[in-house]
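K.L.:
Structure: coords35.pdb, PDB, C-alpha atoms.
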```pdb
MODEL        1
ATOM      1  CA  MET A   1     102.205 127.013  78.194
ATOM      2  CA  PRO A   2     104.604 124.437  79.693
ATOM      3  CA  ALA A   3     106.849 122.908  77.038
ATOM      4  CA  ALA A   4     106.368 119.509  78.692
ATOM      5  CA  LEU A   5     102.623 119.693  78.088
ATOM      6  CA  ARG A   6     102.998 120.778  74.481
ATOM      7  CA  GLU A   7     105.348 117.839  73.910
ATOM      8  CA  ALA A   8     102.976 115.398  75.628
ATOM      9  CA  VAL A   9     100.044 116.537  73.504
ATOM     10  CA  GLY A  10     102.163 116.272  70.358
ATOM     11  CA  ALA A  11     103.195 112.720  71.220
ATOM     12  CA  TRP A  12      99.597 111.793  72.053
ATOM     13  CA  ARG A  13      98.399 113.104  68.696
ATOM     14  CA  ALA A  14     101.185 111.280  66.856
ATOM     15  CA  GLU A  15     100.083 108.029  68.495
ATOM     16  CA  GLY A  16      96.498 108.541  67.300
ATOM     17  CA  ARG A  17      95.103 109.976  70.566
ATOM     18  CA  PRO A  18      94.984 106.675  72.455
ATOM     19  CA  PRO A  19      92.699 106.457  75.512
ATOM     20  CA  GLN A  20      94.099 106.079  78.999
ATOM     21  CA  GLY A  21      94.555 102.462  79.988
ATOM     22  CA  ALA A  22      92.063 100.630  82.176
ATOM     23  CA  VAL A  23      92.543 100.657  85.941
ATOM     24  CA  PRO A  24      92.681  97.093  87.338
ATOM     25  CA  TYR A  25      90.675  96.300  90.458
ATOM     26  CA  VAL A  26      89.666  93.260  92.483
ATOM     27  CA  ARG A  27      85.894  93.047  92.211
ATOM     28  CA  GLU A  28      85.342  90.627  95.087
ATOM     29  CA  ARG A  29      87.095  92.910  97.577
ATOM     30  CA  TRP A  30      84.704  95.690  96.711
ATOM     31  CA  ILE A  31      81.656  93.438  96.893
ATOM     32  CA  ALA A  32      82.765  92.107 100.282
ATOM     33  CA  ALA A  33      83.092  95.649 101.635
ATOM     34  CA  LEU A  34      80.006  97.089  99.901
ATOM     35  CA  PRO A  35      77.540  94.230  99.407
ATOM     36  CA  GLU A  36      74.620  96.615  98.917
ATOM     37  CA  HIS A  37      76.304  97.703  95.667
ATOM     38  CA  ALA A  38      77.068  94.203  94.432
ATOM     39  CA  ALA A  39      74.853  94.508  91.353
ATOM     40  CA  THR A  40      76.557  97.728  90.288
ATOM     41  CA  LEU A  41      79.998  96.235  90.862
ATOM     42  CA  ARG A  42      79.183  93.042  88.970
ATOM     43  CA  ALA A  43      78.070  95.099  85.990
ATOM     44  CA  LEU A  44      81.519  96.701  85.649
ATOM     45  CA  PRO A  45      84.033  95.289  83.147
ATOM     46  CA  GLY A  46      85.979  92.568  84.894
ATOM     47  CA  ASP A  47      89.302  93.273  83.214
ATOM     48  CA  GLY A  48      89.639  96.858  84.417
ATOM     49  CA  LEU A  49      87.906 100.210  84.348
ATOM     50  CA  ASP A  50      88.935 102.891  81.890
ATOM     51  CA  ARG A  51      87.517 106.404  81.676
ATOM     52  CA  ALA A  52      84.903 105.566  79.072
ATOM     53  CA  ALA A  53      83.646 102.548  81.021
ATOM     54  CA  ALA A  54      83.643 104.522  84.270
ATOM     55  CA  HIS A  55      81.660 107.337  82.645
ATOM     56  CA  ALA A  56      79.162 104.834  81.240
ATOM     57  CA  ALA A  57      78.748 103.028  84.575
ATOM     58  CA  VAL A  58      78.270 106.279  86.486
ATOM     59  CA  ALA A  59      75.727 107.494  83.928
ATOM     60  CA  ALA A  60      73.815 104.211  84.198
ATOM     61  CA  SER A  61      73.736 104.395  87.990
ATOM     62  CA  LEU A  62      72.574 108.006  87.959
ATOM     63  CA  ALA A  63      69.865 107.203  85.404
ATOM     64  CA  ALA A  64      68.646 104.436  87.709
ATOM     65  CA  GLY A  65      68.563 106.808  90.678
ATOM     66  CA  GLU A  66      71.530 105.074  92.331
ATOM     67  CA  LEU A  67      73.650 108.052  93.346
ATOM     68  CA  LEU A  68      75.737 106.106  95.846
ATOM     69  CA  GLY A  69      76.259 103.394  93.247
ATOM     70  CA  ALA A  70      77.673 106.070  90.933
ATOM     71  CA  PHE A  71      79.891 107.295  93.767
ATOM     72  CA  VAL A  72      81.171 103.768  94.401
ATOM     73  CA  VAL A  73      82.055 103.334  90.717
ATOM     74  CA  SER A  74      84.103 106.536  90.840
ATOM     75  CA  GLN A  75      86.007 105.253  93.847
ATOM     76  CA  VAL A  76      86.720 101.891  92.226
ATOM     77  CA  TRP A  77      88.180 103.796  89.287
ATOM     78  CA  GLY A  78      90.122 106.037  91.652
ATOM     79  CA  TYR A  79      91.556 103.401  93.988
ATOM     80  CA  GLY A  80      92.023 100.638  91.424
ATOM     81  CA  ARG A  81      93.945  97.704  92.792
ATOM     82  CA  SER A  82      94.756  99.409  96.098
ATOM     83  CA  GLY A  83      93.881  96.981  98.860
ATOM     84  CA  TYR A  84      92.655  99.672 101.246
ATOM     85  CA  GLY A  85      90.207 101.323  98.829
ATOM     86  CA  PRO A  86      87.141  99.224  99.710
ATOM     87  CA  PHE A  87      87.767  99.688 103.450
ATOM     88  CA  ARG A  88      88.100 103.462 103.110
ATOM     89  CA  VAL A  89      84.956 103.786 101.027
ATOM     90  CA  ARG A  90      83.046 101.647 103.522
ATOM     91  CA  ARG A  91      84.109 104.014 106.322
ATOM     92  CA  ILE A  92      83.035 107.036 104.286
ATOM     93  CA  LEU A  93      79.586 105.635 103.537
ATOM     94  CA  ASP A  94      79.063 104.484 107.128
ATOM     95  CA  GLN A  95      79.149 108.052 108.412
ATOM     96  CA  PRO A  96      75.817 109.528 109.539
ATOM     97  CA  GLU A  97      73.758 110.825 106.615
ATOM     98  CA  ALA A  98      76.572 110.171 104.151
ATOM     99  CA  ASP A  99      74.029 109.685 101.394
ATOM    100  CA  LEU A 100      72.490 113.096 102.101
ATOM    101  CA  HIS A 101      75.876 114.796 102.026
ATOM    102  CA  VAL A 102      76.792 113.181  98.705
ATOM    103  CA  ARG A 103      73.372 114.126  97.335
ATOM    104  CA  ALA A 104      73.685 117.745  98.458
ATOM    105  CA  SER A 105      77.151 118.096  96.931
ATOM    106  CA  TYR A 106      76.031 116.432  93.712
ATOM    107  CA  ASP A 107      73.063 118.811  93.496
ATOM    108  CA  GLU A 108      75.424 121.777  93.889
ATOM    109  CA  LEU A 109      77.588 120.359  91.100
ATOM    110  CA  CYS A 110      74.604 119.970  88.783
ATOM    111  CA  ASP A 111      72.939 123.279  89.665
ATOM    112  CA  ASP A 112      75.868 125.655  90.001
ATOM    113  CA  GLY A 113      78.873 123.945  88.450
ATOM    114  CA  PRO A 114      82.157 122.324  89.456
ATOM    115  CA  VAL A 115      83.448 125.026  91.810
ATOM    116  CA  ALA A 116      80.186 124.965  93.768
ATOM    117  CA  GLY A 117      80.329 121.179  93.902
ATOM    118  CA  PHE A 118      83.922 121.353  95.152
ATOM    119  CA  ALA A 119      82.911 123.863  97.823
ATOM    120  CA  ALA A 120      80.093 121.599  99.001
ATOM    121  CA  PHE A 121      82.232 118.456  99.176
ATOM    122  CA  SER A 122      85.044 120.291 100.986
ATOM    123  CA  GLY A 123      82.858 122.426 103.229
ATOM    124  CA  GLU A 124      79.370 122.009 104.599
ATOM    125  CA  HIS A 125      78.987 118.473 103.262
ATOM    126  CA  ARG A 126      82.501 117.219 103.919
ATOM    127  CA  LEU A 127      82.829 113.527 104.798
ATOM    128  CA  ARG A 128      85.799 112.306 106.811
ATOM    129  CA  GLY A 129      88.271 110.426 104.649
ATOM    130  CA  LEU A 130      86.958 111.901 101.389
ATOM    131  CA  GLY A 131      89.368 114.552 100.164
ATOM    132  CA  PRO A 132      89.654 116.460  96.882
ATOM    133  CA  ALA A 133      91.670 113.730  95.153
ATOM    134  CA  PHE A 134      88.715 111.375  95.351
ATOM    135  CA  PHE A 135      85.651 113.577  95.397
ATOM    136  CA  THR A 136      86.875 115.317  92.243
ATOM    137  CA  LYS A 137      87.015 111.885  90.602
ATOM    138  CA  PHE A 138      83.314 111.509  91.354
ATOM    139  CA  MET A 139      82.652 115.061  90.157
ATOM    140  CA  TYR A 140      84.545 114.430  86.930
ATOM    141  CA  LEU A 141      82.519 111.327  86.131
ATOM    142  CA  ALA A 142      79.153 112.656  87.329
ATOM    143  CA  ASP A 143      79.163 116.282  86.131
ATOM    144  CA  PRO A 144      76.461 116.667  83.460
ATOM    145  CA  SER A 145      78.309 119.663  82.018
ATOM    146  CA  ARG A 146      81.539 117.608  81.664
ATOM    147  CA  ARG A 147      83.505 120.617  83.013
ATOM    148  CA  ALA A 148      84.727 119.107  86.290
ATOM    149  CA  LEU A 149      88.263 117.708  86.263
ATOM    150  CA  VAL A 150      90.219 115.495  88.631
ATOM    151  CA  LEU A 151      92.619 117.328  90.946
ATOM    152  CA  ASP A 152      94.772 114.868  92.850
ATOM    153  CA  GLU A 153      98.309 114.784  94.237
ATOM    154  CA  TYR A 154      99.804 113.701  90.913
ATOM    155  CA  VAL A 155      98.252 116.655  89.088
ATOM    156  CA  LEU A 156      99.196 119.083  91.858
ATOM    157  CA  THR A 157     102.809 117.878  91.794
ATOM    158  CA  TRP A 158     103.116 118.157  88.006
ATOM    159  CA  LEU A 159     101.635 121.650  88.027
ATOM    160  CA  ARG A 160     104.035 122.773  90.744
ATOM    161  CA  GLU A 161     107.190 121.183  89.306
ATOM    162  CA  ARG A 162     106.619 121.406  85.551
ATOM    163  CA  ALA A 163     104.425 124.492  85.174
ATOM    164  CA  GLU A 164     105.281 126.568  88.266
ATOM    165  CA  VAL A 165     101.575 126.646  89.142
ATOM    166  CA  LYS A 166     101.437 126.491  92.913
ATOM    167  CA  LEU A 167      98.107 125.440  94.356
ATOM    168  CA  SER A 168      97.526 124.496  97.980
ATOM    169  CA  ARG A 169      98.326 120.888  98.807
ATOM    170  CA  ASN A 170      94.910 120.893 100.459
ATOM    171  CA  PRO A 171      93.053 122.700  97.667
ATOM    172  CA  ARG A 172      90.275 125.171  98.398
ATOM    173  CA  PRO A 173      87.469 126.143  96.001
ATOM    174  CA  ALA A 174      89.524 129.122  94.787
ATOM    175  CA  ASP A 175      92.394 126.751  93.935
ATOM    176  CA  TYR A 176      90.036 124.503  92.022
ATOM    177  CA  GLU A 177      88.577 127.432  90.111
ATOM    178  CA  ARG A 178      92.066 128.623  89.178
ATOM    179  CA  TYR A 179      93.032 125.089  88.121
ATOM    180  CA  LEU A 180      90.009 124.763  85.828
ATOM    181  CA  GLN A 181      90.756 128.152  84.281
ATOM    182  CA  ILE A 182      94.431 127.318  83.665
ATOM    183  CA  VAL A 183      93.714 123.903  82.164
ATOM    184  CA  GLY A 184      90.898 125.354  80.093
ATOM    185  CA  GLY A 185      93.245 127.982  78.678
ATOM    186  CA  TRP A 186      95.894 125.423  77.796
ATOM    187  CA  ALA A 187      93.295 123.135  76.219
ATOM    188  CA  ALA A 188      91.948 125.966  74.065
ATOM    189  CA  GLU A 189      95.464 126.890  72.936
ATOM    190  CA  LEU A 190      96.256 123.259  72.089
ATOM    191  CA  ASP A 191      92.797 122.617  70.579
ATOM    192  CA  VAL A 192      92.118 119.554  72.732
ATOM    193  CA  PRO A 193      89.448 118.789  75.359
ATOM    194  CA  ASP A 194      90.116 120.010  78.894
ATOM    195  CA  GLU A 195      89.977 116.444  80.181
ATOM    196  CA  ALA A 196      92.715 115.413  77.744
ATOM    197  CA  VAL A 197      95.043 117.956  79.340
ATOM    198  CA  GLU A 198      94.255 116.662  82.836
ATOM    199  CA  ARG A 199      94.736 113.059  81.705
ATOM    200  CA  LEU A 200      98.084 113.739  80.050
ATOM    201  CA  ILE A 201      99.296 115.652  83.114
ATOM    202  CA  PHE A 202      98.291 112.759  85.366
ATOM    203  CA  THR A 203      99.939 110.206  83.077
ATOM    204  CA  ALA A 204     103.162 112.191  82.811
ATOM    205  CA  GLU A 205     103.468 112.391  86.588
ATOM    206  CA  ALA A 206     102.410 108.764  87.103
ATOM    207  CA  MET A 207     105.185 107.594  84.808
ATOM    208  CA  THR A 208     107.728 109.055  87.250
ATOM    209  CA  ARG A 209     106.349 106.948  90.125
ATOM    210  CA  PRO A 210     106.692 103.240  90.912
ATOM    211  CA  ARG A 211     104.022 101.299  89.056
ATOM    212  CA  SER A 212     102.621 100.033  92.356
ATOM    213  CA  THR A 213     101.497 103.556  93.297
ATOM    214  CA  TRP A 214      99.077 104.076  90.381
TER     215      TRP A 214
ENDMDL
END
```
Spit out the file's structure as structure tokens when you get a sec.

P.N.:
Amino acid sequence: MPAALREAVGAWRAEGRPPQGAVPYVRERWIAALPEHAATLRALPGDGLDRAAAHAAVAASLAAGELLGAFVVSQVWGYGRSGYGPFRVRRILDQPEADLHVRASYDELCDDGPVAGFAAFSGEHRLRGLGPAFFTKFMYLADPSRRALVLDEYVLTWLRERAEVKLSRNPRPADYERYLQIVGGWAAELDVPDEAVERLIFTAEAMTRPRSTW
């Protein structure tokens, strides 16, 4: 158990377990790039998207049968105010049969769990420009079992530098499985949800970066 994580969880508890702050975004940029999802985007909170709001919006889109709408919400949450986010997501969705690839990976996630979903997104159903940092954000928000976790560069860096957990910089399914097992073990020891551990790791690493990068 990394001492830095134990300290972060202790501080979080002392503060009353506050939620992660909302991610700001520019709605009109996303609508301009993805006009077919304008209704979904307009339904999002205008002052930013936090985890609870992102979960709710993804759940609503999935319930309405709008899988790509749910995917777009996850990318808004992931990219935030980054000016290139809408352009990148447009390029991803413009690839041939992108909707079928997202659907197939989502089905693997629902049927066989997060590692299978990761394998689908990174393997047979890989889309150019959509790497683990961003497809795990979709998995995290869309997984009905709530077992999927985000694995991005911030989390990878913290694990390597603070916990001596070395995963590939281009994670494979085996890396993701190991990550989920490690975080799950820490969460059980600390008696907190797995996602709280991931969130506190991300936040701790983000605080070492310039604000403009997160």

K.L.:
List the residues selected by the PyMOL selection byres ((chain A and resi 109) around 9) in the file shown, writing them as a list in words.

P.N.:
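On the file shown, the PyMOL selection byres ((chain A and resi 109) around 9) covers Ala104, Ser105, Tyr106, Asp107, Glu108, Cys110, Asp111, Asp112, Gly113, Pro114, Val115, Ala116, Gly117, Phe118, Ala120, Met139, Ala142, Asp143, Pro144 and Ala148 of chain A.
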
K.L.:
Can you work out the spacing between atom CA of A:Pro2 and atom CA of A:Pro193 in Å, to one decimal?

P.N.:
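Here the two named atoms are 16.7 Å from each other.
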
K.L.:
For the atom pair atom CA of A:Pro18 and atom CA of A:Thr136, what is the interatomic distance in Å to one decimal place?

P.N.:
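Computed distance, atom CA of A:Pro18 to atom CA of A:Thr136, equals 23.1 Å.
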
K.L.:
Report the centre and edge lengths, in Å to one decimal, of an axis-aligned box enclosing every atom of stretch 67-77 of chain A listed in the file, padded by 4 Å on each side, as JSON.

P.N.:
```
{"center_x": 80.9, "center_y": 105.0, "center_z": 92.6, "size_x": 22.5, "size_y": 14.2, "size_z": 14.6}
```

K.L.:
Compare A:Arg42, A:Arg169, A:Arg178, A:Arg147 by their minimum atom-to-atom distance to A:Val73, counting only C-alpha atoms, and give me the closest one.

P.N.:
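Ranked by minimum distance to A:Val73, first place goes to A:Arg42.
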
K.L.:
Since I can't run it myself right now, could you work out what the PyMOL selection byres ((chain A and resi 195-203) around 7) selects here and report it as a ChimeraX atom specification?

P.N.:
/A:8,149,154-155,158,183,187,192-194,204-207

K.L.:
Restricting the output to C-alpha atoms, write the selected residues as a CSV table (one decimal), in the frame of the given file.

P.N.:
```
chain,number,residue,atom,x,y,z
A,8,ALA,CA,103.0,115.4,75.6
A,149,LEU,CA,88.3,117.7,86.3
A,154,TYR,CA,99.8,113.7,90.9
A,155,VAL,CA,98.3,116.7,89.1
A,158,TRP,CA,103.1,118.2,88.0
A,183,VAL,CA,93.7,123.9,82.2
A,187,ALA,CA,93.3,123.1,76.2
A,192,VAL,CA,92.1,119.6,72.7
A,193,PRO,CA,89.4,118.8,75.4
A,194,ASP,CA,90.1,120.0,78.9
A,204,ALA,CA,103.2,112.2,82.8
A,205,GLU,CA,103.5,112.4,86.6
A,206,ALA,CA,102.4,108.8,87.1
A,207,MET,CA,105.2,107.6,84.8
```

K.L.:
Near A:Asp99, within 12 Å and counting all atoms listed in the file, which residues show up once chain neighbours fewer than 2 positions away are dropped, as a PyMOL selection string?

P.N.:
chain A and resi 66-72+92-97+101-106+125-127

K.L.:
Which one is closest to A:Gly85: A:Gly129, A:Pro45, A:Gly123, A:Pro173? Count only C-alpha atoms.

P.N.:
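Counting only C-alpha atoms, the residue closest to A:Gly85 is A:Gly129.
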
K.L.:
What does the structure give for the distance between atom CA of A:Pro24 and atom CA of A:Leu5, in Å to one decimal?

P.N.:
26.4 Å

K.L.:
From (90.8, 105.8, 104.0), in the file's coordinates, out to 12 Å: which residues are reached, counting all atoms listed in the file? Answer as a list in words.

P.N.:
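It turns out the residues near that spot are Gln75, Tyr79, Ser82, Gly83, Tyr84, Gly85, Pro86, Phe87, Arg88, Val89, Arg90, Arg91, Ile92, Leu93, Leu127, Arg128, Gly129, Leu130, Gly131, Ala133 and Phe134 of chain A.
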
K.L.:
Could you tell me which of A:Val26, A:Ser168, A:Ala59, A:Leu100 comes closest to A:Pro132 if we count only C-alpha atoms?

P.N.:
A:Ser168

K.L.:
Kindly indicate which residue among A:Ala33, A:Ala4, A:Ala60, A:Ala54 lies nearest to A:Lys137, using only C-alpha atoms for the distances.

P.N.:
A:Ala54

K.L.:
Of the candidates A:Gly80, A:Glu7, A:Leu62, A:Met1, which shows the shortest atom-to-atom distance to A:Gly21, using only C-alpha atoms?

P.N.:
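Among A:Gly80, A:Glu7, A:Leu62, A:Met1, it is A:Gly80 that comes nearest to A:Gly21.
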
K.L.:
Taking all atoms listed in the file into account, name the residue in A:Ala3, A:Ala119, A:Val58, A:Leu141 that is nearest to A:Glu177.

P.N.:
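Using all atoms listed in the file, the shortest distance to A:Glu177 belongs to A:Ala119.
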
K.L.:
Within 7 Å of A:Ile31, counting all atoms listed in the file, which residues show up once you throw out same-chain ones fewer than 5 positions away? Write them as a JSON list (two decimals) with C-alpha atoms, keeping the file's coordinate frame, please.

P.N.:
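Done, and the output landed in result.json:
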```
[["chain", "number", "residue", "atom", "x", "y", "z"],
["A", 37, "HIS", "CA", 76.30, 97.70, 95.67],
["A", 38, "ALA", "CA", 77.07, 94.20, 94.43],
["A", 41, "LEU", "CA", 80.00, 96.24, 90.86]]
```

K.L.:
Which residues come within 8 Å of A:Gly48, counting only C-alpha atoms, excluding same-chain residues fewer than 2 positions away, as a tab-separated table (two decimals) with C-alpha atoms, in the coordinates of the input?

P.N.:
```
chain	number	residue	atom	x	y	z
A	22	ALA	CA	92.06	100.63	82.18
A	23	VAL	CA	92.54	100.66	85.94
A	24	PRO	CA	92.68	97.09	87.34
A	25	TYR	CA	90.68	96.30	90.46
A	45	PRO	CA	84.03	95.29	83.15
A	46	GLY	CA	85.98	92.57	84.89
A	50	ASP	CA	88.94	102.89	81.89
```

K.L.:
Would you mind putting N, CA and C atoms back on stretch 181-208 of chain A and writing the result as a PDB file, in the frame of the given file?

P.N.:
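Writing done, so here's selection15.pdb:
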```pdb
ATOM      1  N   GLN A 181      90.497 127.064  85.225  1.00  0.00           N
ATOM      2  CA  GLN A 181      90.756 128.152  84.281  1.00  0.00           C
ATOM      3  C   GLN A 181      92.082 127.940  83.548  1.00  0.00           C
ATOM      4  N   ILE A 182      93.114 127.531  84.284  1.00  0.00           N
ATOM      5  CA  ILE A 182      94.431 127.318  83.665  1.00  0.00           C
ATOM      6  C   ILE A 182      94.375 126.176  82.652  1.00  0.00           C
ATOM      7  N   VAL A 183      93.800 125.049  83.072  1.00  0.00           N
ATOM      8  CA  VAL A 183      93.714 123.903  82.164  1.00  0.00           C
ATOM      9  C   VAL A 183      92.844 124.235  80.963  1.00  0.00           C
ATOM     10  N   GLY A 184      91.755 124.961  81.206  1.00  0.00           N
ATOM     11  CA  GLY A 184      90.898 125.354  80.093  1.00  0.00           C
ATOM     12  C   GLY A 184      91.628 126.219  79.079  1.00  0.00           C
ATOM     13  N   GLY A 185      92.473 127.134  79.578  1.00  0.00           N
ATOM     14  CA  GLY A 185      93.245 127.982  78.678  1.00  0.00           C
ATOM     15  C   GLY A 185      94.246 127.184  77.866  1.00  0.00           C
ATOM     16  N   TRP A 186      94.937 126.269  78.521  1.00  0.00           N
ATOM     17  CA  TRP A 186      95.894 125.423  77.796  1.00  0.00           C
ATOM     18  C   TRP A 186      95.184 124.568  76.761  1.00  0.00           C
ATOM     19  N   ALA A 187      94.040 124.001  77.140  1.00  0.00           N
ATOM     20  CA  ALA A 187      93.295 123.135  76.219  1.00  0.00           C
ATOM     21  C   ALA A 187      92.850 123.915  74.984  1.00  0.00           C
ATOM     22  N   ALA A 188      92.382 125.145  75.200  1.00  0.00           N
ATOM     23  CA  ALA A 188      91.948 125.966  74.065  1.00  0.00           C
ATOM     24  C   ALA A 188      93.130 126.269  73.143  1.00  0.00           C
ATOM     25  N   GLU A 189      94.283 126.581  73.741  1.00  0.00           N
ATOM     26  CA  GLU A 189      95.464 126.890  72.936  1.00  0.00           C
ATOM     27  C   GLU A 189      95.936 125.671  72.143  1.00  0.00           C
ATOM     28  N   LEU A 190      95.802 124.491  72.735  1.00  0.00           N
ATOM     29  CA  LEU A 190      96.256 123.259  72.089  1.00  0.00           C
ATOM     30  C   LEU A 190      95.171 122.611  71.237  1.00  0.00           C
ATOM     31  N   ASP A 191      93.946 123.143  71.326  1.00  0.00           N
ATOM     32  CA  ASP A 191      92.797 122.617  70.579  1.00  0.00           C
ATOM     33  C   ASP A 191      92.526 121.154  70.924  1.00  0.00           C
ATOM     34  N   VAL A 192      92.464 120.890  72.230  1.00  0.00           N
ATOM     35  CA  VAL A 192      92.118 119.554  72.732  1.00  0.00           C
ATOM     36  C   VAL A 192      91.109 119.728  73.871  1.00  0.00           C
ATOM     37  N   PRO A 193      90.374 118.676  74.234  1.00  0.00           N
ATOM     38  CA  PRO A 193      89.448 118.789  75.359  1.00  0.00           C
ATOM     39  C   PRO A 193      90.184 119.046  76.669  1.00  0.00           C
ATOM     40  N   ASP A 194      89.528 119.744  77.579  1.00  0.00           N
ATOM     41  CA  ASP A 194      90.116 120.010  78.894  1.00  0.00           C
ATOM     42  C   ASP A 194      90.534 118.712  79.579  1.00  0.00           C
ATOM     43  N   GLU A 195      89.675 117.689  79.481  1.00  0.00           N
ATOM     44  CA  GLU A 195      89.977 116.444  80.181  1.00  0.00           C
ATOM     45  C   GLU A 195      91.208 115.753  79.607  1.00  0.00           C
ATOM     46  N   ALA A 196      91.505 116.000  78.330  1.00  0.00           N
ATOM     47  CA  ALA A 196      92.715 115.413  77.744  1.00  0.00           C
ATOM     48  C   ALA A 196      93.958 116.022  78.386  1.00  0.00           C
ATOM     49  N   VAL A 197      93.914 117.308  78.673  1.00  0.00           N
ATOM     50  CA  VAL A 197      95.043 117.956  79.340  1.00  0.00           C
ATOM     51  C   VAL A 197      95.232 117.366  80.734  1.00  0.00           C
ATOM     52  N   GLU A 198      94.154 117.259  81.492  1.00  0.00           N
ATOM     53  CA  GLU A 198      94.255 116.662  82.836  1.00  0.00           C
ATOM     54  C   GLU A 198      94.806 115.245  82.759  1.00  0.00           C
ATOM     55  N   ARG A 199      94.311 114.453  81.823  1.00  0.00           N
ATOM     56  CA  ARG A 199      94.736 113.059  81.705  1.00  0.00           C
ATOM     57  C   ARG A 199      96.211 112.957  81.357  1.00  0.00           C
ATOM     58  N   LEU A 200      96.681 113.786  80.446  1.00  0.00           N
ATOM     59  CA  LEU A 200      98.084 113.739  80.050  1.00  0.00           C
ATOM     60  C   LEU A 200      98.997 114.233  81.169  1.00  0.00           C
ATOM     61  N   ILE A 201      98.535 115.206  81.947  1.00  0.00           N
ATOM     62  CA  ILE A 201      99.296 115.652  83.114  1.00  0.00           C
ATOM     63  C   ILE A 201      99.415 114.518  84.117  1.00  0.00           C
ATOM     64  N   PHE A 202      98.276 113.874  84.418  1.00  0.00           N
ATOM     65  CA  PHE A 202      98.291 112.759  85.366  1.00  0.00           C
ATOM     66  C   PHE A 202      99.237 111.653  84.879  1.00  0.00           C
ATOM     67  N   THR A 203      99.131 111.290  83.619  1.00  0.00           N
ATOM     68  CA  THR A 203      99.939 110.206  83.077  1.00  0.00           C
ATOM     69  C   THR A 203     101.422 110.543  83.123  1.00  0.00           C
ATOM     70  N   ALA A 204     101.759 111.789  82.791  1.00  0.00           N
ATOM     71  CA  ALA A 204     103.162 112.191  82.811  1.00  0.00           C
ATOM     72  C   ALA A 204     103.743 112.078  84.208  1.00  0.00           C
ATOM     73  N   GLU A 205     102.979 112.490  85.214  1.00  0.00           N
ATOM     74  CA  GLU A 205     103.468 112.391  86.588  1.00  0.00           C
ATOM     75  C   GLU A 205     103.487 110.939  87.055  1.00  0.00           C
ATOM     76  N   ALA A 206     102.470 110.170  86.688  1.00  0.00           N
ATOM     77  CA  ALA A 206     102.410 108.764  87.103  1.00  0.00           C
ATOM     78  C   ALA A 206     103.607 107.981  86.583  1.00  0.00           C
ATOM     79  N   MET A 207     104.063 108.327  85.396  1.00  0.00           N
ATOM     80  CA  MET A 207     105.185 107.594  84.808  1.00  0.00           C
ATOM     81  C   MET A 207     106.486 107.820  85.566  1.00  0.00           C
ATOM     82  N   THR A 208     106.533 108.830  86.441  1.00  0.00           N
ATOM     83  CA  THR A 208     107.728 109.055  87.250  1.00  0.00           C
ATOM     84  C   THR A 208     107.679 108.304  88.571  1.00  0.00           C
TER      85      THR A 208
END
```
